[in-house]
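As stored in final.pdb (PDB, C-alpha atoms):
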```
ATOM      1  CA  MET A   1     -35.234  59.989   7.348
ATOM      2  CA  LYS A   2     -34.835  59.575  11.097
ATOM      3  CA  HIS A   3     -38.189  61.267  11.642
ATOM      4  CA  ASP A   4     -39.827  58.981   9.080
ATOM      5  CA  ILE A   5     -38.490  55.863  10.792
ATOM      6  CA  ALA A   6     -39.602  57.056  14.216
ATOM      7  CA  SER A   7     -43.058  57.939  12.926
ATOM      8  CA  GLN A   8     -43.641  54.299  11.976
ATOM      9  CA  PHE A   9     -43.528  53.371  15.655
ATOM     10  CA  SER A  10     -45.509  56.228  17.195
ATOM     11  CA  GLY A  11     -49.140  56.170  18.235
ATOM     12  CA  SER A  12     -50.670  52.747  18.837
ATOM     13  CA  GLN A  13     -47.631  50.473  18.649
ATOM     14  CA  GLY A  14     -48.243  49.338  22.229
ATOM     15  CA  SER A  15     -51.340  47.433  21.161
ATOM     16  CA  THR A  16     -49.347  45.091  18.929
ATOM     17  CA  GLY A  17     -46.432  42.783  19.478
ATOM     18  CA  LEU A  18     -45.562  41.214  22.831
ATOM     19  CA  GLY A  19     -45.174  44.289  25.027
ATOM     20  CA  ARG A  20     -48.423  43.518  26.857
ATOM     21  CA  VAL A  21     -46.802  40.544  28.632
ATOM     22  CA  LEU A  22     -43.783  42.478  29.919
ATOM     23  CA  GLN A  23     -43.522  44.617  33.038
ATOM     24  CA  GLY A  24     -40.368  46.592  32.373
ATOM     25  CA  VAL A  25     -36.665  45.913  32.677
ATOM     26  CA  GLN A  26     -35.885  43.645  35.625
ATOM     27  CA  HIS A  27     -32.124  44.129  35.537
ATOM     28  CA  VAL A  28     -29.122  45.098  33.500
ATOM     29  CA  GLY A  29     -26.168  42.761  33.725
ATOM     30  CA  VAL A  30     -22.441  43.116  33.301
ATOM     31  CA  THR A  31     -19.660  40.545  33.376
ATOM     32  CA  VAL A  32     -16.985  41.753  35.784
ATOM     33  CA  ASP A  33     -13.331  40.914  36.241
ATOM     34  CA  ASP A  34     -13.095  41.848  39.930
ATOM     35  CA  MET A  35     -16.163  40.867  41.953
ATOM     36  CA  ALA A  36     -14.957  42.385  45.238
ATOM     37  CA  LYS A  37     -14.188  45.750  43.664
ATOM     38  CA  SER A  38     -17.515  45.677  41.820
ATOM     39  CA  LEU A  39     -19.439  45.051  45.053
ATOM     40  CA  GLU A  40     -17.552  47.859  46.751
ATOM     41  CA  PHE A  41     -18.606  50.196  43.945
ATOM     42  CA  TYR A  42     -22.236  49.194  43.349
ATOM     43  CA  VAL A  43     -23.052  48.580  47.029
ATOM     44  CA  GLY A  44     -20.541  50.685  48.942
ATOM     45  CA  VAL A  45     -20.312  53.709  46.663
ATOM     46  CA  LEU A  46     -23.682  53.738  44.864
ATOM     47  CA  GLY A  47     -25.753  52.347  47.733
ATOM     48  CA  GLY A  48     -27.389  49.345  46.084
ATOM     49  CA  ARG A  49     -28.762  46.534  48.234
ATOM     50  CA  ILE A  50     -27.814  42.919  47.574
ATOM     51  CA  ALA A  51     -30.902  40.855  46.731
ATOM     52  CA  ALA A  52     -29.249  37.521  45.988
ATOM     53  CA  LEU A  53     -25.688  36.275  45.681
ATOM     54  CA  GLY A  54     -24.490  32.838  44.648
ATOM     55  CA  THR A  55     -21.068  31.421  43.844
ATOM     56  CA  GLY A  56     -19.685  28.417  42.015
ATOM     57  CA  PHE A  57     -22.565  27.707  39.628
ATOM     58  CA  TYR A  58     -22.070  25.181  36.818
ATOM     59  CA  GLY A  59     -23.919  22.457  34.905
ATOM     60  CA  ASP A  60     -25.081  21.501  31.415
ATOM     61  CA  VAL A  61     -28.458  23.254  31.741
ATOM     62  CA  LEU A  62     -26.834  26.521  32.804
ATOM     63  CA  TYR A  63     -24.193  26.208  30.083
ATOM     64  CA  ASN A  64     -26.811  25.731  27.369
ATOM     65  CA  THR A  65     -28.995  28.503  28.797
ATOM     66  CA  LEU A  66     -26.191  31.045  28.533
ATOM     67  CA  PHE A  67     -24.130  29.930  25.553
ATOM     68  CA  GLN A  68     -26.172  27.831  23.118
ATOM     69  CA  LYS A  69     -26.074  30.422  20.311
ATOM     70  CA  GLU A  70     -22.274  30.724  20.541
ATOM     71  CA  GLU A  71     -21.929  26.934  20.738
ATOM     72  CA  ILE A  72     -23.914  26.527  17.498
ATOM     73  CA  ASP A  73     -21.815  29.293  15.917
ATOM     74  CA  ALA A  74     -18.649  27.411  16.890
ATOM     75  CA  VAL A  75     -19.933  24.225  15.211
ATOM     76  CA  GLN A  76     -20.954  26.095  12.055
ATOM     77  CA  GLN A  77     -17.651  27.977  11.881
ATOM     78  CA  ASN A  78     -15.628  24.843  12.669
ATOM     79  CA  THR A  79     -13.852  26.628  15.480
ATOM     80  CA  SER A  80     -13.423  26.133  19.206
ATOM     81  CA  SER A  81     -16.065  27.357  21.613
ATOM     82  CA  ARG A  82     -13.401  29.163  23.629
ATOM     83  CA  SER A  83     -12.478  31.276  20.614
ATOM     84  CA  LEU A  84     -16.004  32.725  20.870
ATOM     85  CA  GLY A  85     -15.710  33.518  24.566
ATOM     86  CA  ILE A  86     -17.481  30.516  26.086
ATOM     87  CA  PRO A  87     -16.307  29.466  29.571
ATOM     88  CA  ASP A  88     -16.555  25.733  30.268
ATOM     89  CA  ILE A  89     -19.026  25.656  33.162
ATOM     90  CA  ARG A  90     -20.511  22.274  32.187
ATOM     91  CA  ASP A  91     -19.233  20.041  35.001
ATOM     92  CA  GLY A  92     -17.528  22.305  37.550
ATOM     93  CA  THR A  93     -14.016  20.988  36.939
ATOM     94  CA  LYS A  94     -12.786  23.863  34.788
ATOM     95  CA  GLU A  95     -14.755  27.045  35.360
ATOM     96  CA  ALA A  96     -17.644  28.315  37.444
ATOM     97  CA  LEU A  97     -20.005  31.275  37.575
ATOM     98  CA  ASP A  98     -20.583  33.700  40.435
ATOM     99  CA  VAL A  99     -23.698  35.900  40.343
ATOM    100  CA  CYS A 100     -24.901  38.848  42.416
ATOM    101  CA  PHE A 101     -28.140  40.808  42.016
ATOM    102  CA  ILE A 102     -28.113  44.324  43.478
ATOM    103  CA  SER A 103     -31.347  46.276  43.886
ATOM    104  CA  PHE A 104     -31.592  49.982  43.130
ATOM    105  CA  GLY A 105     -35.301  50.106  43.888
ATOM    106  CA  ASN A 106     -36.719  50.547  40.409
ATOM    107  CA  THR A 107     -34.394  48.020  38.766
ATOM    108  CA  CYS A 108     -31.418  45.807  39.551
ATOM    109  CA  VAL A 109     -27.845  45.326  38.427
ATOM    110  CA  GLU A 110     -26.584  41.783  37.942
ATOM    111  CA  LEU A 111     -22.872  41.052  38.249
ATOM    112  CA  LEU A 112     -21.638  37.922  36.455
ATOM    113  CA  HIS A 113     -18.185  36.536  37.085
ATOM    114  CA  PHE A 114     -16.700  33.507  35.294
ATOM    115  CA  ARG A 115     -13.531  32.132  36.881
ATOM    116  CA  ASP A 116     -11.347  29.098  37.377
ATOM    117  CA  ALA A 117     -13.408  26.554  39.304
ATOM    118  CA  ARG A 118     -10.395  25.738  41.513
ATOM    119  CA  LEU A 119     -10.255  29.345  42.747
ATOM    120  CA  ASP A 120     -12.757  31.503  44.618
ATOM    121  CA  GLN A 121     -14.850  34.513  43.667
ATOM    122  CA  ASN A 122     -11.831  36.808  44.076
ATOM    123  CA  ALA A 123     -10.123  35.263  41.030
ATOM    124  CA  PRO A 124     -10.060  37.262  37.775
ATOM    125  CA  ASN A 125     -12.718  36.692  35.117
ATOM    126  CA  THR A 126     -11.804  33.918  32.662
ATOM    127  CA  PHE A 127     -11.920  36.050  29.523
ATOM    128  CA  PRO A 128     -10.464  39.543  29.023
ATOM    129  CA  LYS A 129     -12.396  42.756  28.665
ATOM    130  CA  LEU A 130     -13.658  42.294  25.124
ATOM    131  CA  PRO A 131     -17.461  42.790  24.903
ATOM    132  CA  THR A 132     -18.388  40.118  22.353
ATOM    133  CA  SER A 133     -19.743  37.143  24.299
ATOM    134  CA  VAL A 134     -21.313  37.510  27.729
ATOM    135  CA  GLY A 135     -18.319  35.459  28.906
ATOM    136  CA  PHE A 136     -16.007  38.405  28.295
ATOM    137  CA  GLY A 137     -15.406  41.029  30.940
ATOM    138  CA  ASN A 138     -17.418  44.240  30.409
ATOM    139  CA  ALA A 139     -19.997  42.443  28.258
ATOM    140  CA  GLY A 140     -23.490  43.594  29.136
ATOM    141  CA  HIS A 141     -27.011  42.274  28.817
ATOM    142  CA  ILE A 142     -30.544  43.572  29.367
ATOM    143  CA  SER A 143     -33.122  41.449  31.161
ATOM    144  CA  PHE A 144     -36.837  42.071  30.641
ATOM    145  CA  HIS A 145     -39.340  41.141  33.341
ATOM    146  CA  VAL A 146     -42.159  38.932  32.044
ATOM    147  CA  LYS A 147     -45.476  39.036  33.924
ATOM    148  CA  ASP A 148     -46.007  36.207  36.400
ATOM    149  CA  ASP A 149     -49.165  34.862  34.757
ATOM    150  CA  VAL A 150     -47.389  34.311  31.402
ATOM    151  CA  ASP A 151     -45.886  30.922  30.536
ATOM    152  CA  LEU A 152     -42.230  31.820  29.932
ATOM    153  CA  ASN A 153     -41.637  28.748  27.773
ATOM    154  CA  VAL A 154     -44.514  29.728  25.492
ATOM    155  CA  PHE A 155     -43.287  33.325  25.417
ATOM    156  CA  ALA A 156     -39.865  32.177  24.136
ATOM    157  CA  ARG A 157     -41.556  30.455  21.211
ATOM    158  CA  ASP A 158     -43.864  33.420  20.559
ATOM    159  CA  LEU A 159     -40.935  35.859  20.615
ATOM    160  CA  GLU A 160     -39.098  34.106  17.804
ATOM    161  CA  GLU A 161     -42.288  33.653  15.790
ATOM    162  CA  GLU A 162     -43.225  37.347  16.150
ATOM    163  CA  CYS A 163     -39.727  38.388  15.066
ATOM    164  CA  ARG A 164     -39.812  36.102  12.023
ATOM    165  CA  ARG A 165     -43.264  37.473  11.126
ATOM    166  CA  ARG A 166     -41.706  40.949  11.072
ATOM    167  CA  GLY A 167     -38.709  39.811   9.025
ATOM    168  CA  ILE A 168     -36.290  39.908  11.982
ATOM    169  CA  MET A 169     -34.712  36.535  11.320
ATOM    170  CA  ASN A 170     -31.651  36.707  13.576
ATOM    171  CA  VAL A 171     -33.362  36.795  16.993
ATOM    172  CA  VAL A 172     -32.348  33.505  18.655
ATOM    173  CA  CYS A 173     -33.646  32.124  21.961
ATOM    174  CA  ASN A 174     -31.405  29.565  23.645
ATOM    175  CA  ARG A 175     -32.744  26.225  24.879
ATOM    176  CA  VAL A 176     -31.512  24.410  27.990
ATOM    177  CA  VAL A 177     -30.309  21.183  26.321
ATOM    178  CA  HIS A 178     -27.460  20.598  23.896
ATOM    179  CA  VAL A 179     -28.066  20.958  20.159
ATOM    180  CA  ARG A 180     -25.764  21.333  17.166
ATOM    181  CA  SER A 181     -27.948  23.404  14.834
ATOM    182  CA  HIS A 182     -30.736  25.958  14.868
ATOM    183  CA  GLU A 183     -33.012  23.495  13.105
ATOM    184  CA  GLU A 184     -32.533  21.060  15.976
ATOM    185  CA  ARG A 185     -33.048  23.868  18.484
ATOM    186  CA  LEU A 186     -36.349  24.955  16.923
ATOM    187  CA  ASN A 187     -37.644  21.373  16.824
ATOM    188  CA  LEU A 188     -37.141  20.754  20.555
ATOM    189  CA  PRO A 189     -40.187  20.273  22.820
ATOM    190  CA  LEU A 190     -41.411  23.451  24.519
ATOM    191  CA  LYS A 191     -40.245  22.214  27.947
ATOM    192  CA  TYR A 192     -36.641  23.069  27.032
ATOM    193  CA  ALA A 193     -37.256  26.741  26.219
ATOM    194  CA  ALA A 194     -36.752  28.270  29.700
ATOM    195  CA  ASN A 195     -34.587  27.454  32.694
ATOM    196  CA  LYS A 196     -36.727  27.134  35.844
ATOM    197  CA  PHE A 197     -35.045  27.074  39.251
ATOM    198  CA  TRP A 198     -37.656  24.827  40.877
ATOM    199  CA  ASN A 199     -39.365  21.492  40.359
ATOM    200  CA  ALA A 200     -41.906  22.344  37.653
ATOM    201  CA  THR A 201     -43.952  19.238  36.903
ATOM    202  CA  GLU A 202     -44.874  20.183  33.340
ATOM    203  CA  TYR A 203     -41.321  21.260  32.495
ATOM    204  CA  PHE A 204     -39.387  18.745  34.598
ATOM    205  CA  ILE A 205     -35.817  18.098  33.425
ATOM    206  CA  GLU A 206     -34.262  14.875  34.700
ATOM    207  CA  GLY A 207     -31.282  15.433  36.985
ATOM    208  CA  TYR A 208     -31.872  19.176  37.238
ATOM    209  CA  SER A 209     -35.382  20.269  38.219
ATOM    210  CA  ASP A 210     -35.287  18.584  41.632
ATOM    211  CA  LEU A 211     -32.019  20.231  42.702
ATOM    212  CA  ASP A 212     -31.815  22.539  45.725
ATOM    213  CA  PHE A 213     -31.649  26.046  44.213
ATOM    214  CA  GLY A 214     -31.264  27.794  47.571
ATOM    215  CA  ASP A 215     -31.937  31.539  47.524
ATOM    216  CA  PHE A 216     -32.569  31.369  43.765
ATOM    217  CA  HIS A 217     -35.595  29.067  44.116
ATOM    218  CA  GLY A 218     -38.317  30.522  41.882
ATOM    219  CA  TRP A 219     -36.080  32.220  39.314
ATOM    220  CA  SER A 220     -36.835  31.509  35.657
ATOM    221  CA  LEU A 221     -35.139  32.792  32.517
ATOM    222  CA  PHE A 222     -34.064  32.302  28.961
ATOM    223  CA  TYR A 223     -31.270  34.033  27.071
ATOM    224  CA  ALA A 224     -31.760  35.464  23.590
ATOM    225  CA  LYS A 225     -29.752  37.332  20.983
ATOM    226  CA  GLY A 226     -31.348  40.553  19.785
ATOM    227  CA  PRO A 227     -31.481  41.773  16.163
ATOM    228  CA  ASN A 228     -27.982  43.282  16.380
ATOM    229  CA  GLY A 229     -26.429  40.398  18.303
ATOM    230  CA  GLU A 230     -27.002  42.123  21.648
ATOM    231  CA  GLN A 231     -27.382  39.823  24.641
ATOM    232  CA  LEU A 232     -30.911  39.781  26.074
ATOM    233  CA  GLU A 233     -32.584  37.891  28.889
ATOM    234  CA  PHE A 234     -36.251  37.396  29.750
ATOM    235  CA  ASN A 235     -37.087  36.351  33.293
ATOM    236  CA  GLN A 236     -39.670  35.870  35.997
ATOM    237  CA  VAL A 237     -39.062  36.310  39.727
ATOM    238  CA  THR A 238     -41.397  34.122  41.786
ATOM    239  CA  ARG A 239     -41.556  32.017  44.952
ATOM    240  CA  TYR A 240     -38.660  32.382  47.413
ATOM    241  CA  ILE A 241     -36.378  34.531  45.242
ATOM    242  CA  LYS A 242     -39.161  37.116  45.003
ATOM    243  CA  THR A 243     -39.024  37.633  48.774
ATOM    244  CA  LYS A 244     -35.283  38.350  48.506
ATOM    245  CA  PHE A 245     -35.817  41.031  45.856
ATOM    246  CA  ASP A 246     -38.725  42.521  47.814
ATOM    247  CA  GLU A 247     -36.569  42.730  50.956
ATOM    248  CA  ALA A 248     -33.702  44.375  49.062
ATOM    249  CA  ARG A 249     -36.071  46.898  47.475
ATOM    250  CA  ALA A 250     -37.550  47.772  50.872
ATOM    251  CA  LYS A 251     -34.073  48.302  52.341
ATOM    252  CA  TYR A 252     -33.081  50.482  49.395
ATOM    253  CA  ASN A 253     -36.229  52.582  49.857
ATOM    254  CA  ALA A 254     -35.512  52.990  53.557
ATOM    255  CA  ASP A 255     -31.888  53.976  52.900
ATOM    256  CA  ASN A 256     -32.632  56.497  50.177
ATOM    257  CA  ASP A 257     -36.088  57.921  50.968
ATOM    258  CA  THR A 258     -37.600  56.403  47.822
ATOM    259  CA  ASP A 259     -40.887  54.571  47.322
ATOM    260  CA  PHE A 260     -40.270  52.084  44.509
ATOM    261  CA  ALA A 261     -42.852  49.311  44.410
ATOM    262  CA  ALA A 262     -42.694  45.768  43.119
ATOM    263  CA  PRO A 263     -43.689  45.461  39.446
ATOM    264  CA  GLY A 264     -47.163  44.154  38.699
ATOM    265  CA  SER A 265     -50.085  44.537  36.344
ATOM    266  CA  ARG A 266     -52.909  47.027  36.893
ATOM    267  CA  LYS A 267     -55.352  44.148  36.727
ATOM    268  CA  THR A 268     -53.624  42.403  39.628
ATOM    269  CA  ALA A 269     -53.520  45.630  41.645
ATOM    270  CA  LEU A 270     -57.223  46.327  41.084
ATOM    271  CA  ASN A 271     -58.188  42.834  42.179
ATOM    272  CA  LYS A 272     -56.381  43.074  45.514
TER     273      LYS A 272
END
```
Conversion result in structure tokens:
Amino acid sequence: MKHDIASQFSGSQGSTGLGRVLQGVQHVGVTVDDMAKSLEFYVGVLGGRIAALGTGFYGDVLYNTLFQKEEIDAVQQNTSSRSLGIPDIRDGTKEALDVCFISFGNTCVELLHFRDARLDQNAPNTFPKLPTSVGFGNAGHISFHVKDDVDLNVFARDLEEECRRRGIMNVVCNRVVHVRSHEERLNLPLKYAANKFWNATEYFIEGYSDLDFGDFHGWSLFYAKGPNGEQLEFNQVTRYIKTKFDEARAKYNADNDTDFAAPGSRKTALNK
């Protein structure tokens, strides 16, 4: 039976679906309880190079980007959002998010850390080590790298449509504004499908898009639940943040005698 299932996806499966717009796994993420100890391990022990680090993130757009599926679940189950492992990072008065991307040349590790907004990044993670929501310690996610010439907002729509076409009905892509149902989510304009860390004219979001994103300027992502409820992310790394990842990769190569290159399409490489 296992052989029969595998045989369905051998041969020419790469010519169908959405794989042609991806360029591998950009990072794997884990929510950590102790950021300092995690940095000591992934950087000090394993030799990764920090590409970007930011502390104290909050806001409605970020909250919806990360937790919209759980928020809708809470409404439908008539329960509290906290019971589903959702930190309150909406306004910065209760909790905040710290993030660190660490390059290992061919891919990165992302450390997420949700903590009391009144404390610093050395505080414990808000939720215990129960891998259900990405808010819980030890919860992991996989982030796929989408090619730079693909519209990430359009890709989010296409991903759900392709899954529904194949009968995979439980793949859910979060939007960046508040909704109370999946019907409302699916009826939103395309501009709300992906979170862009820069002022994108076509996808401008009032009160957010013109913020100063610092080292993260140029990052873009959306969160999605996979067919088994696994946490997924799809992202693009452009503009200033790309230089930070390139620098970290170069330092990792120099430290470890490796020659990992930045991801890119063959078409782009041939045209250089």
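Using only C-alpha atoms, the residues found no farther than 10 Å from Ser181 of chain A, other than those of its own chain fewer than 4 positions away, are Gln68, Lys69, Glu71, Ile72, Asp73, Val75, Gln76, Arg185 and Leu186 of chain A.
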Practice problem: Tell me, as an MDAnalysis selection string, which residues lie within 12 Å of segment 124-128 of chain A, counting only C-alpha atoms; anything in the same chain fewer than 3 positions away does not count. | Solution: chainID A and resid 30:38 82:89 94:98 111:117 119:121 131:139
Quiz item: How far is it from atom CA of Ala262 of chain A to atom CA of Leu18 of chain A, in Å with one decimal?
Solution: 21.0 Å
Can you find the residues with an atom no farther than 7 Å from (-34.1, 29.0, 22.0), counting all atoms listed in the file, and report them as a PDB file with C-alpha atoms, keeping the file's coordinate frame?
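Ended up saving to part.pdb:
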```pdb
ATOM      1  CA  ALA A 156     -39.865  32.177  24.136  1.00  0.00           C
ATOM      2  CA  VAL A 172     -32.348  33.505  18.655  1.00  0.00           C
ATOM      3  CA  CYS A 173     -33.646  32.124  21.961  1.00  0.00           C
ATOM      4  CA  ASN A 174     -31.405  29.565  23.645  1.00  0.00           C
ATOM      5  CA  ARG A 175     -32.744  26.225  24.879  1.00  0.00           C
ATOM      6  CA  ARG A 185     -33.048  23.868  18.484  1.00  0.00           C
ATOM      7  CA  LEU A 186     -36.349  24.955  16.923  1.00  0.00           C
ATOM      8  CA  ALA A 193     -37.256  26.741  26.219  1.00  0.00           C
TER       9      ALA A 193
END
```
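Picked out by the PyMOL selection byres ((chain A and resi 194) around 7) when it runs on this file: A:Leu152, A:Asn153, A:Arg175, A:Val176, A:Tyr192, A:Ala193, A:Asn195, A:Lys196, A:Ser220, A:Leu221, A:Phe222.
Once the PyMOL selection byres ((chain A and resi 64) around 7) is applied to the shown structure, the selection contains Asp60, Val61, Leu62, Tyr63, Thr65, Leu66, Phe67, Gln68, Arg175, Val176, Val177 and His178 of chain A.
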Write out the residues from the selection above, keeping C-alpha atoms, as a PDB file, in the frame of the given file.
```pdb
ATOM      1  CA  ASP A  60     -25.081  21.501  31.415  1.00  0.00           C
ATOM      2  CA  VAL A  61     -28.458  23.254  31.741  1.00  0.00           C
ATOM      3  CA  LEU A  62     -26.834  26.521  32.804  1.00  0.00           C
ATOM      4  CA  TYR A  63     -24.193  26.208  30.083  1.00  0.00           C
ATOM      5  CA  THR A  65     -28.995  28.503  28.797  1.00  0.00           C
ATOM      6  CA  LEU A  66     -26.191  31.045  28.533  1.00  0.00           C
ATOM      7  CA  PHE A  67     -24.130  29.930  25.553  1.00  0.00           C
ATOM      8  CA  GLN A  68     -26.172  27.831  23.118  1.00  0.00           C
ATOM      9  CA  ARG A 175     -32.744  26.225  24.879  1.00  0.00           C
ATOM     10  CA  VAL A 176     -31.512  24.410  27.990  1.00  0.00           C
ATOM     11  CA  VAL A 177     -30.309  21.183  26.321  1.00  0.00           C
ATOM     12  CA  HIS A 178     -27.460  20.598  23.896  1.00  0.00           C
TER      13      HIS A 178
END
```
Practice problem: Would you translate the PyMOL selection byres ((chain A and resi 245-260) around 10) into the concrete set of residues it matches in this file, as a list of chain:residue names? | Solution: A:Gly47, A:Gly48, A:Arg49, A:Ile50, A:Ala51, A:Ala52, A:Phe101, A:Ile102, A:Ser103, A:Phe104, A:Gly105, A:Asn106, A:Thr107, A:Cys108, A:Val237, A:Thr238, A:Tyr240, A:Ile241, A:Lys242, A:Thr243, A:Lys244, A:Ala261, A:Ala262, A:Pro263
Self-check item: Gap from atom CA of Cys100 of chain A to atom CA of Tyr42 of chain A - Å, one decimal
Solution: 10.7 Å
Calculate, to one decimal in Å, the centre and edge lengths of the box along x, y and z of the file that holds all listed atoms of segment 221-228 of chain A with 4 Å of margin on each side, and present them as JSON.
```
{"center_x": -31.6, "center_y": 37.8, "center_z": 24.3, "size_x": 15.2, "size_y": 19.0, "size_z": 24.4}
```
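The nearest approach to Lys147 of chain A among the residues A:Arg266, A:Val28, A:Thr79, A:Glu183, with all atoms listed in the file taken into account, belongs to A:Arg266.
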Self-check item: For atom CA of Leu232 of chain A and atom CA of Val171 of chain A, the interatomic separation in Å (one decimal)
Solution: 9.9 Å
Self-check item: Nearest to Ala200 of chain A by atom-to-atom distance, counting only C-alpha atoms, from A:Gly44, A:Pro227, A:Gly54, A:Gly218
Solution: A:Gly218
Exercise. Find the residues around Asn170 of chain A up to 8 Å (only C-alpha atoms counted), leave out those fewer than 3 positions away in its own chain, and share them as a PyMOL selection string.
Key: chain A and resi 225-227+229
Every residue with an atom at most 12 Å from (-39.4, 42.0, 27.4) (file coordinates; all atoms listed in the file) is what I'm after, so could you write them as a PDB file with C-alpha atoms, in the coordinates of the input?
```
ATOM      1  CA  GLY A  17     -46.432  42.783  19.478  1.00  0.00           C
ATOM      2  CA  LEU A  18     -45.562  41.214  22.831  1.00  0.00           C
ATOM      3  CA  GLY A  19     -45.174  44.289  25.027  1.00  0.00           C
ATOM      4  CA  ARG A  20     -48.423  43.518  26.857  1.00  0.00           C
ATOM      5  CA  VAL A  21     -46.802  40.544  28.632  1.00  0.00           C
ATOM      6  CA  LEU A  22     -43.783  42.478  29.919  1.00  0.00           C
ATOM      7  CA  GLN A  23     -43.522  44.617  33.038  1.00  0.00           C
ATOM      8  CA  GLY A  24     -40.368  46.592  32.373  1.00  0.00           C
ATOM      9  CA  VAL A  25     -36.665  45.913  32.677  1.00  0.00           C
ATOM     10  CA  GLN A  26     -35.885  43.645  35.625  1.00  0.00           C
ATOM     11  CA  HIS A  27     -32.124  44.129  35.537  1.00  0.00           C
ATOM     12  CA  ILE A 142     -30.544  43.572  29.367  1.00  0.00           C
ATOM     13  CA  SER A 143     -33.122  41.449  31.161  1.00  0.00           C
ATOM     14  CA  PHE A 144     -36.837  42.071  30.641  1.00  0.00           C
ATOM     15  CA  HIS A 145     -39.340  41.141  33.341  1.00  0.00           C
ATOM     16  CA  VAL A 146     -42.159  38.932  32.044  1.00  0.00           C
ATOM     17  CA  LYS A 147     -45.476  39.036  33.924  1.00  0.00           C
ATOM     18  CA  VAL A 150     -47.389  34.311  31.402  1.00  0.00           C
ATOM     19  CA  LEU A 152     -42.230  31.820  29.932  1.00  0.00           C
ATOM     20  CA  PHE A 155     -43.287  33.325  25.417  1.00  0.00           C
ATOM     21  CA  ALA A 156     -39.865  32.177  24.136  1.00  0.00           C
ATOM     22  CA  ASP A 158     -43.864  33.420  20.559  1.00  0.00           C
ATOM     23  CA  LEU A 159     -40.935  35.859  20.615  1.00  0.00           C
ATOM     24  CA  LEU A 221     -35.139  32.792  32.517  1.00  0.00           C
ATOM     25  CA  PHE A 222     -34.064  32.302  28.961  1.00  0.00           C
ATOM     26  CA  TYR A 223     -31.270  34.033  27.071  1.00  0.00           C
ATOM     27  CA  ALA A 224     -31.760  35.464  23.590  1.00  0.00           C
ATOM     28  CA  GLY A 226     -31.348  40.553  19.785  1.00  0.00           C
ATOM     29  CA  LEU A 232     -30.911  39.781  26.074  1.00  0.00           C
ATOM     30  CA  GLU A 233     -32.584  37.891  28.889  1.00  0.00           C
ATOM     31  CA  PHE A 234     -36.251  37.396  29.750  1.00  0.00           C
ATOM     32  CA  ASN A 235     -37.087  36.351  33.293  1.00  0.00           C
ATOM     33  CA  GLN A 236     -39.670  35.870  35.997  1.00  0.00           C
TER      34      GLN A 236
END
```
